[in-house]
Each structure stands twice: as structure tokens, then as C-alpha cells.
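See below for the structure under consideration.
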Amino acid sequence: MKTMKILGKRGRITIPQEMRRELGLAYQDILCFESDGKSVTVRQVKICGDCISEPPNSTDLLTKILDELTPYELRKLLVELSVRWASLQREDEAW
């Protein structure tokens, strides 16, 4: 299946419903984007599978994910986590 889309002003593209259905993509699935400088490959990533057996070491998993981020993405993540942590602290103080 081939579909053309226009990149939005915020850099967003919607994956067409037909493709999401064909690929079995669902809300909150994790997608990996890889570029060779000319094209982008998008693939679904299963971090934990069915988690029937013992889950992977969460520290190792997080380290692997963090190692794949660019410095810019790491900075954005740090800001987001800081905001969330501060919000949780305020909620705790309200109790």
C-alpha cells in the first residue's frame, strides 16, 4: 500500500487508518523511526511482548532506550519528566 501525506507545520503526519488496521497498530503502540538520510522507515516495537515470563530488567531497558535518543530528545524528556515530578510533588503536598 502506498499513500502520500503532507507534513504538518508541527512536523506531524497521521498514519492512515487502512495502514494502521493492516499493520495491527493500536493506540499507544510504540513506533521506531529510522533514517538513512534519504528515507524514513517506521516499525512497531514490542518492548515487553506478552510479559508472561519474568519482565526484563527495567534499568537495562530504560538505559537502552535513553542511549538511542538524540541530545535534543534527551533534553525534551528531562524537561517533561521534571514538570511531571514537580506536579506530583505539589499533589503530595496538597494531602
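Residue numbering restarts at 1 for every chain of the C-alpha cells, chains are lettered A, B, ... in their displayed order, and ligands are numbered from 1 as they appear.
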For segment 65-78 of chain A: contacts at 12 Å, only C-alpha atoms, fewer than 2 positions along chain excluded, given as a ChimeraX atom specification: /A:30,32-34,45,47,58-63,80-85
Export N, CA and C atoms of the chosen residues as an mmCIF file, in the first residue's frame?
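Below is the file that was written, part14.cif:
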data_model
loop_
_atom_site.group_PDB
_atom_site.id
_atom_site.type_symbol
_atom_site.label_atom_id
_atom_site.label_comp_id
_atom_site.auth_asym_id
_atom_site.auth_seq_id
_atom_site.Cartn_x
_atom_site.Cartn_y
_atom_site.Cartn_z
ATOM 1 N N ILE A 30 4.212 1.491 20.362
ATOM 2 C CA ILE A 30 5.490 2.182 20.261
ATOM 3 C C ILE A 30 6.030 1.986 18.852
ATOM 4 N N CYS A 32 9.175 2.910 16.038
ATOM 5 C CA CYS A 32 10.584 3.279 15.905
ATOM 6 C C CYS A 32 10.784 3.913 14.530
ATOM 7 N N PHE A 33 11.427 5.070 14.488
ATOM 8 C CA PHE A 33 11.700 5.775 13.243
ATOM 9 C C PHE A 33 13.198 5.691 12.962
ATOM 10 N N GLU A 34 13.574 5.223 11.778
ATOM 11 C CA GLU A 34 14.975 5.143 11.386
ATOM 12 C C GLU A 34 15.142 5.838 10.039
ATOM 13 N N VAL A 45 7.456 -1.519 17.645
ATOM 14 C CA VAL A 45 8.407 -2.114 18.585
ATOM 15 C C VAL A 45 7.627 -2.690 19.755
ATOM 16 N N ILE A 47 8.251 -3.777 23.398
ATOM 17 C CA ILE A 47 9.263 -3.690 24.451
ATOM 18 C C ILE A 47 9.190 -4.894 25.373
ATOM 19 N N SER A 58 14.245 -3.420 34.280
ATOM 20 C CA SER A 58 13.750 -2.120 33.827
ATOM 21 C C SER A 58 14.874 -1.104 33.675
ATOM 22 N N THR A 59 15.919 -1.194 34.500
ATOM 23 C CA THR A 59 17.039 -0.261 34.374
ATOM 24 C C THR A 59 17.763 -0.483 33.055
ATOM 25 N N ASP A 60 17.994 -1.742 32.682
ATOM 26 C CA ASP A 60 18.656 -2.050 31.411
ATOM 27 C C ASP A 60 17.804 -1.578 30.235
ATOM 28 N N LEU A 61 16.501 -1.794 30.332
ATOM 29 C CA LEU A 61 15.588 -1.391 29.266
ATOM 30 C C LEU A 61 15.589 0.123 29.099
ATOM 31 N N LEU A 62 15.489 0.845 30.213
ATOM 32 C CA LEU A 62 15.491 2.308 30.143
ATOM 33 C C LEU A 62 16.821 2.830 29.609
ATOM 34 N N THR A 63 17.917 2.249 30.045
ATOM 35 C CA THR A 63 19.229 2.670 29.560
ATOM 36 C C THR A 63 19.325 2.477 28.055
ATOM 37 N N GLU A 80 10.204 17.303 30.372
ATOM 38 C CA GLU A 80 8.889 16.686 30.592
ATOM 39 C C GLU A 80 8.846 15.944 31.927
ATOM 40 N N LEU A 81 9.886 15.164 32.219
ATOM 41 C CA LEU A 81 9.920 14.424 33.486
ATOM 42 C C LEU A 81 10.002 15.370 34.682
ATOM 43 N N SER A 82 10.741 16.451 34.543
ATOM 44 C CA SER A 82 10.852 17.436 35.632
ATOM 45 C C SER A 82 9.503 18.071 35.928
ATOM 46 N N VAL A 83 8.768 18.406 34.882
ATOM 47 C CA VAL A 83 7.444 19.008 35.058
ATOM 48 C C VAL A 83 6.502 18.014 35.738
ATOM 49 N N ARG A 84 6.538 16.762 35.281
ATOM 50 C CA ARG A 84 5.667 15.752 35.884
ATOM 51 C C ARG A 84 6.037 15.511 37.345
ATOM 52 N N TRP A 85 7.333 15.439 37.635
ATOM 53 C CA TRP A 85 7.771 15.213 39.008
ATOM 54 C C TRP A 85 7.319 16.363 39.905
#
Exercise: Lys2 of chain A partners within 12 Å, only C-alpha atoms, chain neighbours under 4 positions left out, as a PyMOL selection string: chain A and resi 15-16+18-19
Prev. selection, N, CA and C atoms, output as a PDB file, in the first residue's frame:
ATOM      1  N   ILE A  15      -0.888   8.435  10.336  1.00  0.00           N
ATOM      2  CA  ILE A  15      -0.828   7.168   9.613  1.00  0.00           C
ATOM      3  C   ILE A  15      -2.255   6.808   9.234  1.00  0.00           C
ATOM      4  N   PRO A  16      -2.525   6.627   7.935  1.00  0.00           N
ATOM      5  CA  PRO A  16      -3.893   6.351   7.501  1.00  0.00           C
ATOM      6  C   PRO A  16      -4.495   5.132   8.216  1.00  0.00           C
ATOM      7  N   GLU A  18      -6.359   2.759   7.199  1.00  0.00           N
ATOM      8  CA  GLU A  18      -6.219   1.492   6.488  1.00  0.00           C
ATOM      9  C   GLU A  18      -4.862   0.846   6.788  1.00  0.00           C
ATOM     10  N   MET A  19      -3.809   1.669   6.839  1.00  0.00           N
ATOM     11  CA  MET A  19      -2.470   1.145   7.131  1.00  0.00           C
ATOM     12  C   MET A  19      -2.375   0.690   8.584  1.00  0.00           C
TER      13      MET A  19
END
Coordinates-based distance that separates atom CA of Gly8 of chain A from atom CA of Arg20 of chain A (Å, one decimal):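 Distance reported for this atom pair: 19.0 Å.
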Those in chain A with strand (DSSP E) from DSSP, as an MDAnalysis selection string: chainID A and resid 30:35 40:45
Which of chain A DSSP labels alpha helix (DSSP H), written as a PyMOL selection string: chain A and resi 17-23+58-67+71-94
Atom pair atom CA of Ser39 of chain A / atom CA of Tyr27 of chain A: separation (Å):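 Result for atom CA of Ser39 of chain A versus atom CA of Tyr27 of chain A: 24.7 Å, one decimal.
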